[in-house]
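Participant: Dropping in entry.txt, with compact mmCIF, C-alpha atoms.
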# COMPACT_ATOMS: atom_id res chain seq x y z
CA MET A 1064 0.00 0.00 0.00
CA ILE A 1065 1.18 3.51 -0.88
CA ALA A 1066 0.39 6.10 1.77
CA ILE A 1067 -0.42 9.54 0.36
CA VAL A 1068 0.34 11.94 3.19
CA ASP A 1069 -2.71 14.11 3.85
CA TYR A 1070 -1.63 17.12 5.84
CA GLY A 1071 -4.27 19.50 4.50
CA ALA A 1072 -2.32 20.92 1.59
CA GLY A 1073 -2.73 20.64 -2.14
CA ASN A 1074 -4.86 18.71 -4.57
CA ILE A 1075 -4.18 15.25 -3.18
CA PHE A 1076 -7.14 13.71 -4.98
CA SER A 1077 -5.37 13.95 -8.34
CA VAL A 1078 -2.56 11.80 -7.01
CA LYS A 1079 -5.06 9.32 -5.62
CA ASN A 1080 -7.01 9.26 -8.92
CA ALA A 1081 -3.83 8.47 -10.84
CA LEU A 1082 -2.81 5.64 -8.48
CA ASP A 1083 -6.35 4.23 -8.57
CA TYR A 1084 -6.29 4.34 -12.38
CA LEU A 1085 -3.02 2.40 -12.35
CA GLY A 1086 -4.44 -0.15 -9.91
CA LEU A 1087 -1.87 0.75 -7.25
CA GLU A 1088 -3.32 0.24 -3.80
CA ASN A 1089 -3.19 3.51 -1.89
CA GLU A 1090 -4.66 5.45 0.99
CA LEU A 1091 -4.88 9.12 1.85
CA THR A 1092 -3.80 9.33 5.46
CA SER A 1093 -2.58 11.56 8.25
CA ASP A 1094 -2.11 8.61 10.62
CA PRO A 1095 1.57 8.06 11.54
CA GLU A 1096 0.94 4.33 12.08
CA LYS A 1097 -0.40 3.93 8.55
CA ILE A 1098 2.56 5.80 7.13
CA LYS A 1099 4.86 3.45 9.08
CA ALA A 1100 2.97 0.40 7.83
CA ALA A 1101 2.89 1.52 4.19
CA ASP A 1102 5.17 -0.01 1.54
CA ALA A 1103 5.85 3.38 0.01
CA VAL A 1104 4.95 7.00 0.71
CA ILE A 1105 3.99 9.96 -1.47
CA LEU A 1106 4.23 13.51 -0.12
CA PRO A 1107 2.11 15.78 -2.33
CA GLY A 1108 1.84 19.52 -2.03
CA VAL A 1109 0.70 22.71 -3.68
CA GLY A 1110 1.02 26.10 -2.03
CA ALA A 1111 3.69 27.93 -0.07
CA PHE A 1112 6.71 26.28 1.56
CA PRO A 1113 6.46 27.66 5.14
CA ALA A 1114 2.70 27.07 5.31
CA ALA A 1115 3.13 23.48 4.12
CA MET A 1116 5.97 22.74 6.57
CA LYS A 1117 3.90 24.26 9.34
CA LYS A 1118 0.89 22.13 8.42
CA LEU A 1119 3.02 19.00 8.27
CA CYS A 1120 4.47 19.86 11.66
CA GLU A 1121 1.06 20.66 13.19
CA SER A 1122 -0.19 17.31 11.90
CA GLY A 1123 2.59 15.74 13.99
CA LEU A 1124 3.98 14.06 10.88
CA THR A 1125 7.38 15.68 10.35
CA GLU A 1126 9.40 13.11 12.30
CA VAL A 1127 7.60 10.04 10.99
CA VAL A 1128 7.94 11.31 7.41
CA LYS A 1129 11.67 11.91 7.89
CA GLU A 1130 12.20 8.44 9.35
CA GLU A 1131 10.07 6.50 6.89
CA ALA A 1132 11.63 8.28 3.90
CA LYS A 1133 14.92 6.56 4.70
CA LYS A 1134 13.33 3.10 4.94
CA LYS A 1135 11.05 2.78 1.90
CA PRO A 1136 10.38 4.33 -1.51
CA PHE A 1137 9.41 7.94 -0.87
CA LEU A 1138 8.24 10.40 -3.52
CA GLY A 1139 7.73 14.12 -2.98
CA ILE A 1140 5.66 15.87 -5.66
CA CYS A 1141 5.92 19.58 -6.50
CA LEU A 1142 6.02 21.39 -3.15
CA GLY A 1143 6.46 17.93 -1.59
CA MET A 1144 9.67 17.65 -3.63
CA GLN A 1145 10.84 21.08 -2.48
CA MET A 1146 10.20 20.09 1.14
CA LEU A 1147 12.80 17.30 0.80
CA PHE A 1148 15.58 19.91 0.93
CA GLU A 1149 17.21 21.54 3.92
CA LYS A 1150 15.85 25.04 3.57
CA GLY A 1151 13.18 27.02 1.76
CA TYR A 1152 13.04 30.77 1.20
CA GLU A 1153 9.44 31.38 0.18
CA PHE A 1154 8.35 34.49 2.19
CA GLU A 1155 10.81 33.56 4.97
CA GLU A 1156 13.68 31.18 5.66
CA CYS A 1157 12.19 27.90 6.74
CA ASP A 1158 13.63 24.47 7.54
CA GLY A 1159 12.67 21.65 5.21
CA LEU A 1160 12.86 17.90 5.85
CA GLY A 1161 16.59 17.83 5.08
CA LEU A 1162 16.44 14.51 3.21
CA ILE A 1163 18.46 15.81 0.26
CA PRO A 1164 21.20 18.46 0.60
CA GLY A 1165 20.23 21.80 -0.93
CA SER A 1166 17.74 24.61 -0.69
CA VAL A 1167 14.73 26.02 -2.52
CA GLN A 1168 14.92 29.51 -3.99
CA LYS A 1169 12.75 31.88 -6.02
CA MET A 1170 13.28 31.35 -9.74
CA ASP A 1171 15.18 34.34 -11.09
CA LYS A 1172 14.94 34.36 -14.88
CA PRO A 1173 14.68 37.85 -16.34
CA GLY A 1174 12.48 37.94 -19.43
CA PHE A 1175 10.94 34.56 -18.68
CA ILE A 1176 7.39 34.08 -17.48
CA ILE A 1177 7.24 33.00 -13.81
CA PRO A 1178 5.56 30.71 -12.77
CA HIS A 1179 7.25 28.17 -14.99
CA MET A 1180 3.95 26.71 -16.12
CA GLY A 1181 3.34 24.14 -18.81
CA TRP A 1182 4.94 21.16 -20.48
CA ASN A 1183 8.71 20.91 -20.63
CA LYS A 1184 11.03 18.20 -21.90
CA LEU A 1185 13.01 15.99 -19.54
CA GLU A 1186 16.79 15.86 -19.91
CA TYR A 1187 18.45 13.11 -17.96
CA GLY A 1188 21.14 13.26 -15.28
CA THR A 1189 22.05 10.56 -12.79
CA GLU A 1190 20.56 7.08 -13.04
CA CYS A 1191 17.13 6.88 -11.40
CA PRO A 1192 14.87 3.79 -11.39
CA VAL A 1193 11.57 5.70 -11.59
CA LEU A 1194 12.66 7.19 -14.92
CA ASP A 1195 13.20 3.78 -16.55
CA ASP A 1196 11.56 3.51 -19.99
CA ILE A 1197 10.56 7.15 -20.06
CA GLY A 1198 12.35 7.88 -23.32
CA ASP A 1199 14.04 10.81 -24.99
CA ASP A 1200 11.08 12.94 -25.99
CA ALA A 1201 9.17 13.00 -22.73
CA TYR A 1202 7.31 16.12 -21.64
CA VAL A 1203 5.93 16.62 -18.15
CA TYR A 1204 3.72 19.30 -16.62
CA PHE A 1205 5.12 21.99 -14.30
CA VAL A 1206 3.61 24.79 -12.25
CA HIS A 1207 6.06 26.45 -9.88
CA SER A 1208 7.83 29.70 -9.04
CA TYR A 1209 10.56 28.29 -6.77
CA GLU A 1210 13.23 25.78 -7.68
CA ALA A 1211 15.62 23.42 -5.94
CA VAL A 1212 19.27 24.41 -5.76
CA THR A 1213 21.29 21.27 -5.26
CA ASP A 1214 24.37 19.36 -6.37
CA ASP A 1215 24.17 17.86 -9.86
CA LYS A 1216 24.71 14.41 -8.38
CA TYR A 1217 21.14 14.50 -7.04
CA LEU A 1218 19.69 15.55 -10.40
CA ALA A 1219 18.06 12.58 -12.12
CA ALA A 1220 16.35 14.89 -14.63
CA TRP A 1221 16.15 18.58 -15.41
CA VAL A 1222 14.44 20.80 -17.97
CA ASP A 1223 15.67 23.84 -19.84
CA TYR A 1224 14.01 27.09 -18.84
CA ASP A 1225 16.66 29.79 -19.11
CA GLY A 1226 19.12 27.19 -17.82
CA LYS A 1227 18.75 23.95 -15.91
CA VAL A 1228 15.70 23.62 -13.70
CA PRO A 1229 15.65 20.50 -11.48
CA ALA A 1230 12.79 18.21 -12.49
CA MET A 1231 13.51 14.91 -10.70
CA VAL A 1232 15.84 14.60 -7.74
CA TYR A 1233 17.03 11.34 -6.22
CA ASP A 1234 19.20 10.67 -3.18
CA GLY A 1235 20.51 7.44 -4.74
CA ASP A 1236 18.63 5.35 -2.19
CA THR A 1237 14.94 5.69 -1.26
CA VAL A 1238 14.10 9.38 -1.66
CA TYR A 1239 12.68 10.72 -4.94
CA GLY A 1240 11.29 14.15 -5.74
CA ALA A 1241 9.39 15.36 -8.80
CA GLN A 1242 9.09 19.12 -9.30
CA PHE A 1243 6.53 18.40 -12.03
CA HIS A 1244 3.14 16.79 -11.50
CA PRO A 1245 3.32 13.16 -12.68
CA GLU A 1246 -0.40 12.86 -11.95
CA LYS A 1247 -1.03 15.58 -14.57
CA SER A 1248 1.64 14.61 -17.09
CA GLY A 1249 -0.35 12.27 -19.31
CA SER A 1250 1.04 8.85 -20.17
CA THR A 1251 4.61 9.87 -19.25
CA GLY A 1252 3.51 10.85 -15.76
CA LEU A 1253 1.48 7.68 -15.30
CA GLN A 1254 4.53 5.61 -16.32
CA ILE A 1255 6.64 7.41 -13.71
CA LEU A 1256 4.06 6.67 -11.00
CA LYS A 1257 3.86 3.06 -12.21
CA ASN A 1258 7.65 2.79 -11.96
CA PHE A 1259 7.49 4.22 -8.45
CA GLY A 1260 4.82 1.64 -7.53
CA GLY A 1261 7.13 -1.01 -9.00
CA LEU A 1262 9.80 -0.19 -6.40
CA ILE A 1263 7.67 -1.88 -3.77
CA GLY A 1264 9.10 -5.31 -3.28
CA MET B 978 11.91 25.03 -23.36
CA LEU B 979 8.23 25.13 -22.55
CA ALA B 980 6.01 23.66 -25.22
CA LYS B 981 3.14 25.70 -26.64
CA ARG B 982 -0.15 24.22 -25.54
CA ILE B 983 -3.19 23.13 -27.57
CA ILE B 984 -6.35 23.24 -25.49
CA PRO B 985 -9.73 21.89 -26.56
CA CYS B 986 -12.59 23.64 -24.81
CA LEU B 987 -15.79 21.83 -24.02
CA ASP B 988 -18.70 24.21 -23.65
CA VAL B 989 -21.14 22.38 -21.44
CA ARG B 990 -24.82 22.82 -20.72
CA ASP B 991 -26.86 20.43 -18.57
CA GLY B 992 -23.90 18.05 -18.49
CA LYS B 993 -23.69 17.88 -22.31
CA VAL B 994 -21.14 19.42 -24.64
CA VAL B 995 -22.40 22.20 -26.86
CA LYS B 996 -20.83 24.92 -28.93
CA GLY B 997 -22.45 28.16 -29.89
CA VAL B 998 -21.50 30.05 -33.01
CA LYS B 999 -21.01 33.57 -31.69
CA PHE B 1000 -22.73 32.15 -28.60
CA GLU B 1001 -25.94 31.40 -30.51
CA GLY B 1002 -27.35 28.40 -32.38
CA VAL B 1003 -26.28 25.81 -29.84
CA ARG B 1004 -25.77 22.24 -31.12
CA ASP B 1005 -25.39 19.12 -29.00
CA VAL B 1006 -22.20 17.15 -29.56
CA GLY B 1007 -22.04 14.74 -26.70
CA ASP B 1008 -20.78 13.52 -23.39
CA PRO B 1009 -18.07 15.75 -21.88
CA VAL B 1010 -16.24 12.96 -20.04
CA ALA B 1011 -15.99 10.81 -23.19
CA LEU B 1012 -14.86 13.79 -25.27
CA ALA B 1013 -12.25 14.74 -22.67
CA GLU B 1014 -10.86 11.21 -22.87
CA ILE B 1015 -10.68 11.37 -26.65
CA TYR B 1016 -8.85 14.69 -26.51
CA ASN B 1017 -6.48 13.28 -23.91
CA GLN B 1018 -5.65 10.42 -26.30
CA GLN B 1019 -5.14 12.91 -29.13
CA GLY B 1020 -2.50 14.70 -27.06
CA ALA B 1021 -4.42 17.66 -25.65
CA ASP B 1022 -2.15 19.58 -23.29
CA GLU B 1023 -4.98 20.72 -21.10
CA ILE B 1024 -8.76 20.50 -21.16
CA VAL B 1025 -11.22 23.28 -20.41
CA PHE B 1026 -14.83 22.79 -19.37
CA TYR B 1027 -16.90 25.90 -19.66
CA ASP B 1028 -20.47 25.99 -18.38
CA ILE B 1029 -21.79 28.47 -20.91
CA THR B 1030 -25.15 28.96 -19.33
CA ALA B 1031 -24.05 29.32 -15.76
CA SER B 1032 -23.35 33.00 -15.66
CA TYR B 1033 -26.86 34.03 -16.55
CA GLU B 1034 -29.01 31.11 -15.55
CA LYS B 1035 -27.23 30.85 -12.21
CA ARG B 1036 -26.29 27.24 -12.62
CA GLY B 1037 -23.51 25.80 -10.56
CA VAL B 1038 -20.56 24.12 -12.26
CA MET B 1039 -20.99 20.47 -13.08
CA LEU B 1040 -18.99 18.99 -10.29
CA ASP B 1041 -19.94 15.40 -11.11
CA VAL B 1042 -18.63 15.80 -14.65
CA VAL B 1043 -15.40 17.19 -13.23
CA ARG B 1044 -15.09 14.33 -10.73
CA GLU B 1045 -15.59 11.67 -13.39
CA THR B 1046 -13.16 13.34 -15.78
CA ALA B 1047 -10.48 13.68 -13.11
CA LYS B 1048 -10.59 9.91 -12.59
CA ARG B 1049 -9.83 9.17 -16.22
CA VAL B 1050 -7.91 12.11 -17.69
CA PHE B 1051 -4.44 12.94 -16.40
CA VAL B 1052 -3.68 16.31 -17.92
CA PRO B 1053 -4.56 19.66 -16.33
CA LEU B 1054 -8.25 20.41 -16.21
CA THR B 1055 -9.71 23.92 -16.05
CA VAL B 1056 -13.31 24.64 -15.18
CA GLY B 1057 -15.13 27.90 -15.76
CA GLY B 1058 -18.63 29.26 -15.85
CA GLY B 1059 -20.70 30.42 -12.96
CA ILE B 1060 -17.85 30.69 -10.47
CA LYS B 1061 -18.84 33.50 -8.17
CA THR B 1062 -17.27 32.93 -4.77
CA VAL B 1063 -14.22 31.53 -3.01
CA ASP B 1064 -16.42 28.58 -2.01
CA ASP B 1065 -17.23 27.92 -5.67
CA ILE B 1066 -13.49 27.88 -6.40
CA ARG B 1067 -12.82 25.51 -3.51
CA ASP B 1068 -15.63 23.11 -4.55
CA THR B 1069 -14.40 23.04 -8.13
CA LEU B 1070 -10.77 22.37 -7.18
CA ARG B 1071 -11.87 19.69 -4.72
CA ALA B 1072 -13.87 17.96 -7.44
CA GLY B 1073 -10.58 17.55 -9.30
CA ALA B 1074 -10.06 20.70 -11.35
CA ASP B 1075 -6.53 22.08 -11.42
CA LYS B 1076 -7.59 25.61 -12.31
CA VAL B 1077 -10.73 27.65 -12.37
CA SER B 1078 -11.54 30.25 -14.97
CA VAL B 1079 -13.44 33.27 -13.69
CA ASN B 1080 -14.96 35.70 -16.13
CA SER B 1081 -18.09 37.80 -15.50
CA GLN B 1082 -17.83 37.65 -11.76
CA ALA B 1083 -14.20 38.80 -11.83
CA VAL B 1084 -15.29 41.95 -13.66
CA LYS B 1085 -18.09 42.59 -11.18
CA ASN B 1086 -15.90 41.73 -8.17
CA PRO B 1087 -12.15 41.86 -8.92
CA GLN B 1088 -11.41 40.96 -5.30
CA LEU B 1089 -12.41 37.38 -6.20
CA ILE B 1090 -9.18 37.10 -8.22
CA LYS B 1091 -7.08 38.26 -5.28
CA ASP B 1092 -8.87 36.12 -2.72
CA GLY B 1093 -8.66 33.07 -4.97
CA ALA B 1094 -4.96 33.59 -5.65
CA ASP B 1095 -4.15 34.23 -1.98
CA ILE B 1096 -5.97 31.12 -0.77
CA PHE B 1097 -5.36 28.59 -3.54
CA GLY B 1098 -2.35 30.04 -5.36
CA SER B 1099 -2.04 32.07 -8.54
CA GLN B 1100 -1.44 28.90 -10.56
CA CYS B 1101 -5.08 27.89 -10.29
CA ILE B 1102 -6.70 31.24 -11.09
CA CYS B 1103 -7.26 31.83 -14.78
CA VAL B 1104 -9.23 34.91 -15.80
CA GLY B 1105 -11.35 34.48 -18.91
CA ILE B 1106 -12.11 37.60 -20.92
CA ASP B 1107 -14.55 38.24 -23.76
CA ALA B 1108 -13.51 41.41 -25.57
CA LYS B 1109 -14.65 43.31 -28.66
CA LYS B 1110 -12.95 45.92 -30.80
CA ILE B 1111 -14.32 49.47 -30.55
CA ALA B 1112 -11.56 51.35 -32.41
CA GLU B 1113 -8.11 50.75 -33.85
CA ASN B 1114 -6.07 49.05 -31.08
CA LYS B 1115 -8.86 49.54 -28.58
CA TRP B 1116 -11.15 46.90 -27.12
CA THR B 1117 -13.71 46.70 -24.33
CA VAL B 1118 -14.62 43.87 -22.00
CA TYR B 1119 -17.99 42.14 -22.16
CA ILE B 1120 -19.62 39.88 -19.58
CA ASN B 1121 -22.40 37.31 -19.41
CA GLY B 1122 -21.27 35.29 -22.42
CA GLY B 1123 -20.53 38.34 -24.56
CA ARG B 1124 -23.88 39.98 -23.97
CA VAL B 1125 -23.11 42.99 -21.80
CA ASP B 1126 -20.52 45.67 -22.60
CA MET B 1127 -18.93 46.83 -19.37
CA GLY B 1128 -17.21 49.80 -21.02
CA LEU B 1129 -14.02 48.57 -19.42
CA ASP B 1130 -10.80 49.01 -21.42
CA LEU B 1131 -9.22 45.63 -22.16
CA ILE B 1132 -5.64 46.70 -21.54
CA ASP B 1133 -6.49 48.38 -18.22
CA TRP B 1134 -8.34 45.21 -17.21
CA VAL B 1135 -5.54 42.76 -18.04
CA LYS B 1136 -3.04 44.87 -16.08
CA GLN B 1137 -5.40 44.88 -13.12
CA ILE B 1138 -5.90 41.12 -13.41
CA GLU B 1139 -2.14 40.57 -13.28
CA SER B 1140 -1.66 42.84 -10.28
CA LEU B 1141 -4.45 41.01 -8.42
CA GLY B 1142 -2.49 37.77 -8.73
CA ALA B 1143 -4.13 35.86 -11.58
CA GLY B 1144 -1.91 33.12 -12.97
CA GLU B 1145 -3.15 33.16 -16.53
CA ILE B 1146 -5.49 34.92 -18.98
CA CYS B 1147 -7.75 33.22 -21.49
CA LEU B 1148 -8.53 35.88 -24.07
CA ASN B 1149 -11.55 35.35 -26.30
CA SER B 1150 -12.26 37.69 -29.18
CA ILE B 1151 -15.98 38.22 -29.69
CA ASP B 1152 -15.25 39.53 -33.20
CA ALA B 1153 -13.30 36.42 -34.19
CA ASP B 1154 -15.30 33.81 -32.27
CA GLY B 1155 -17.24 31.52 -34.59
CA THR B 1156 -15.91 33.14 -37.78
CA LYS B 1157 -13.19 30.49 -38.42
CA GLU B 1158 -11.08 33.27 -39.93
CA GLY B 1159 -8.21 32.97 -37.50
CA PHE B 1160 -7.32 34.25 -34.05
CA ASP B 1161 -7.52 37.97 -33.30
CA LEU B 1162 -3.81 38.69 -33.65
CA PRO B 1163 -3.81 42.47 -32.95
CA MET B 1164 -5.76 41.98 -29.72
CA LEU B 1165 -3.52 39.12 -28.61
CA ARG B 1166 -0.37 41.13 -29.34
CA ALA B 1167 -1.67 44.08 -27.35
CA VAL B 1168 -2.49 41.91 -24.33
CA CYS B 1169 0.74 39.87 -24.45
CA ASP B 1170 2.68 43.16 -24.53
CA ALA B 1171 0.78 44.51 -21.53
CA VAL B 1172 1.25 41.59 -19.11
CA SER B 1173 3.86 38.98 -18.29
CA ILE B 1174 1.52 36.15 -17.27
CA PRO B 1175 0.66 33.44 -19.83
CA VAL B 1176 -2.07 34.28 -22.35
CA ILE B 1177 -4.28 31.65 -24.01
CA ALA B 1178 -5.61 32.61 -27.45
CA SER B 1179 -9.30 31.86 -27.95
CA GLY B 1180 -11.84 32.45 -30.69
CA GLY B 1181 -11.60 32.25 -34.45
CA ALA B 1182 -9.53 29.15 -35.20
CA GLY B 1183 -10.78 27.67 -38.46
CA LYS B 1184 -7.82 26.03 -40.13
CA ILE B 1185 -4.56 24.40 -39.17
CA ASP B 1186 -2.40 27.39 -40.14
CA ASP B 1187 -4.26 29.59 -37.65
CA PHE B 1188 -2.52 27.74 -34.82
CA SER B 1189 1.03 28.05 -36.13
CA GLN B 1190 0.33 31.68 -37.00
CA VAL B 1191 -0.84 32.63 -33.52
CA PHE B 1192 2.35 31.17 -32.00
CA GLU B 1193 4.61 32.72 -34.62
CA GLU B 1194 3.05 36.17 -34.56
CA THR B 1195 1.96 36.72 -30.95
CA GLY B 1196 3.25 35.91 -27.47
CA ALA B 1197 0.35 33.53 -26.75
CA THR B 1198 1.56 30.42 -24.89
CA ALA B 1199 -1.51 28.34 -25.70
CA ALA B 1200 -4.32 28.19 -28.23
CA LEU B 1201 -7.85 27.09 -27.47
CA ALA B 1202 -10.55 25.87 -29.82
CA ALA B 1203 -13.89 24.12 -29.49
CA SER B 1204 -16.08 23.33 -32.50
CA LEU B 1205 -13.13 22.67 -34.79
CA PHE B 1206 -12.17 19.73 -32.62
CA HIS B 1207 -15.69 18.57 -31.69
CA PHE B 1208 -16.80 18.14 -35.26
CA GLY B 1209 -13.63 16.29 -36.17
CA GLU B 1210 -12.51 18.85 -38.76
CA LEU B 1211 -9.09 18.71 -37.14
CA THR B 1212 -7.67 16.56 -34.37
CA VAL B 1213 -5.44 17.92 -31.64
CA GLY B 1214 -2.79 15.58 -33.03
CA ASP B 1215 -3.07 17.13 -36.53
CA VAL B 1216 -2.61 20.62 -35.11
CA LYS B 1217 0.41 19.63 -33.03
CA ALA B 1218 2.08 17.80 -35.90
CA HIS B 1219 1.58 20.87 -38.10
CA CYS B 1220 3.04 23.23 -35.48
CA ARG B 1221 6.01 20.88 -34.98
CA SER B 1222 6.64 20.99 -38.72
CA LYS B 1223 6.92 24.79 -38.35
CA ASN B 1224 9.53 24.33 -35.60
CA ILE B 1225 7.14 25.33 -32.83
CA ILE B 1226 7.89 23.34 -29.69
CA MET B 1227 5.07 20.93 -28.90
CA ARG B 1228 4.77 18.15 -26.39
Could you express the structure from this file as structure tokens?

Facilitator:
Amino acid sequence: MIAIVDYGAGNIFSVKNALDYLGLENELTSDPEKIKAADAVILPGVGAFPAAMKKLCESGLTEVVKEEAKKKPFLGICLGMQMLFEKGYEFEECDGLGLIPGSVQKMDKPGFIIPHMGWNKLEYGTECPVLDDIGDDAYVYFVHSYEAVTDDKYLAAWVDYDGKVPAMVYDGDTVYGAQFHPEKSGSTGLQILKNFGGLIG
Amino acid sequence: MLAKRIIPCLDVRDGKVVKGVKFEGVRDVGDPVALAEIYNQQGADEIVFYDITASYEKRGVMLDVVRETAKRVFVPLTVGGGIKTVDDIRDTLRAGADKVSVNSQAVKNPQLIKDGADIFGSQCICVGIDAKKIAENKWTVYINGGRVDMGLDLIDWVKQIESLGAGEICLNSIDADGTKEGFDLPMLRAVCDAVSIPVIASGGAGKIDDFSQVFEETGATAALAASLFHFGELTVGDVKAHCRSKNIIMR
């Protein structure tokens, strides 16, 4: 079972709809015991970094999320991906989950429309099992105004938007993060979620 | 780089897809959920549901249609028509929409844009505009499905929309809509120059070249069409292949 962490932020139903469509058993939950018992965990999120961290903390889930992320396949999506890093700077400096070294900063791209919204093409970096079979002409859907700043060794995929923008980060072990929305990225996104589900074993 | 988007729009009344020519002469073309699935398979980059009757017959948005679509279609879904309050926005997003499009009510109550953006994020607030030319390089904004002229200058309005926190503009030309003579390029250029948020071109698409032209000659980041796709004159796939052949980046 994949636990989708429900901490009161974001459109979590889209993620659930996509997993249901793929036949991947899942549950929306804010119960730490269920997150511990799950085979894999997805941390969704839309909104602002400090508000989301605060909500996660108020839900009493920060510690269990940090611990479980090191034990089983763990995927952060959009803001959930940004929360994997050590610090965020949306409105104010704010601690993240610290699962991948790096921070999250406002996108600064003069002459480019921010938010970075729409379909952009994945370029591949370090080896990452959830990107298996995704192919060379794969577009995924983004909506964000902040971006991860991290070492290239954690970059499994990036897109070009006035330079490299991190798309998929991976700690090389159990922690994955997608800046894009796989649940809104058509067949490519569904394949990525299917690959993630396939890590359960 | 970001791909340009092709967006089929499903005008919906009583849970059925319709399309008015200049908002009149409505014809029934089917089940919105099934059509959304077909467009998804054709490669639509986004799908828009617009409840065309809602703003004057006070109908709510078709949340059941949205819910069913969100279970089967995994590209962004925008819902407009009859959205009047923050609660309407919340209900629509909860049903599975990724964005809402506000039109008439945003003109009557611009604070709705700001409240929506503050609570749910700019990314999910699209402002739809129906505008009509009144003089060279001058347009005014209409509401209630293109029926009522608000005497509001289009360029002043789009700047206000941006400052209130809208994430996107869907610009429909009343003059071009239903004519099949191409998008309203002068109006699109004027709006794209005035704001830095994404602008969706709407109204007037009649042939495949209209799509490549709007991307080559204006700053529009997406193009929307309805009847052209419903009646099978063109598929979304045809349009994207054509744009690709003109070196326009497409998914």

Participant: What are the residues of chain B lining chain A at 9 Å or less? Count all atoms listed in the file, and put the answer as a PyMOL selection string.

Facilitator: chain B and resi 978-982+1017-1018+1020+1022+1047-1054+1070-1075+1096-1100+1144+1173-1175+1198+1227-1228

Participant: Excluding Arg990 of chain B and any residue of its chain fewer than 4 positions from it, enumerate the residues within 8 Å of it, using only C-alpha atoms, and give them as a PyMOL selection string.

Facilitator: chain B and resi 994-995+1028-1030

Participant: Would you put the residues from that selection into a file with C-alpha atoms, as a CSV table (one decimal), keeping the file's coordinate frame?

Facilitator:
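The file below, again_29.csv, is the result:
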chain,number,residue,atom,x,y,z
B,994,VAL,CA,-21.1,19.4,-24.6
B,995,VAL,CA,-22.4,22.2,-26.9
B,1028,ASP,CA,-20.5,26.0,-18.4
B,1029,ILE,CA,-21.8,28.5,-20.9
B,1030,THR,CA,-25.2,29.0,-19.3

Participant: Would you work out the distance separating atom CA of Lys1133 of chain A from atom CA of Thr1237 of chain A, expressed in Å to one decimal?

Facilitator: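 Value for the atom CA of Lys1133 of chain A-atom CA of Thr1237 of chain A distance: 6.0 Å.
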
Participant: Using only C-alpha atoms - which residues lie no farther than 10 Å from the point (14.3, 17.1, 6.6) in the file's frame? Write them as a ChimeraX atom specification.

Facilitator: /A:1125-1126,1128-1130,1132,1146-1150,1158-1164

Participant: Find the residues with any atom within 12 Å of (-1.1, 20.1, -34.3); use all atoms listed in the file and the coordinates as given in the file, and write the answer as a VMD selection string.

Facilitator: chain B and resid 981 to 985 1019 to 1022 1184 to 1190 1192 1199 to 1202 1206 1211 to 1228

Participant: Using Å and a single decimal, report how far atom CA of Asn1086 of chain B sits from atom CA of Ile1120 of chain B.

Facilitator: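 So the answer is 12.1 Å.
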
Participant: Can you work out which one of B:Leu1040, B:Val1079, B:Met1164, B:Ile1111 has the shortest atom-to-atom distance to Gly1059 of chain B, counting all atoms listed in the file?

Facilitator: B:Val1079

Participant: Find the residue from B:Gly1155, B:Gly1122, B:Gly1196, B:Gly1007 that sits nearest to Ala1178 of chain B; use all atoms listed in the file when measuring.

Facilitator: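 Distance minimum relative to Ala1178 of chain B lands on B:Gly1196.
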
Participant: What separation in Å, quoted to one decimal, exists between atom CA of Ile1067 of chain A and atom CA of Pro1136 of chain A?

Facilitator: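 Computing it gives 12.1 Å between the two atoms.
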
Participant: Could you name the residues that touch Trp1221 of chain A at 8 Å or less, counting all atoms listed in the file, but leaving out those on the same chain fewer than 3 positions away, as a list in words?

Facilitator: Leu1185, Glu1186, Tyr1187, Gly1188, Leu1218, Lys1227, Val1228, Pro1229, Ala1230 and Met1231 of chain A

Participant: Could you pull the residues within 12 Å of Ser1122 of chain A, counting all atoms listed in the file, minus those fewer than 5 positions along the same chain, as a list in words?

Facilitator: Val1068, Asp1069, Tyr1070, Gly1071, Ala1072, Thr1092, Ser1093, Asp1094, Pro1095, Ala1115, Met1116, Lys1117, Val1127 and Val1128 of chain A

Participant: Of the residues B:Ala1182, B:Val1084, B:Ala1143, B:Thr1062, which is the one nearest to Gly1128 of chain B, using only C-alpha atoms?

Facilitator: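 Closest residue, counting only C-alpha atoms: B:Val1084.
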
Participant: Give me, as an NGL selection string, all polymer residues having an atom no more than 10 Å from Met1039 of chain B, counting only C-alpha atoms and skipping those fewer than 5 positions away in the same chain.

Facilitator: :B and (989-993 or 1026-1028 or 1031 or 1044 or 1056-1059 or 1069 or 1072)

Participant: Counting all atoms listed in the file, figure out which residue out of B:Gly1209, B:Gly1123, B:Gly1159, B:Gly1142 gets nearest to Val1172 of chain B.

Facilitator: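 For Val1172 of chain B, the nearest of the given residues is B:Gly1142.
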
Participant: Ile1066 of chain B: which residues within 9 Å, counting all atoms listed in the file, same-chain residues fewer than 5 positions away excluded, as a count of residues only?

Facilitator: 8

Participant: Just checking: using only C-alpha atoms, which residue out of B:Ser1150, B:Thr1055, B:Ser1081, B:Gln1137 ends up closest to Ala1171 of chain B?

Facilitator: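 With only C-alpha atoms as the atom set, the closest residue is B:Gln1137.
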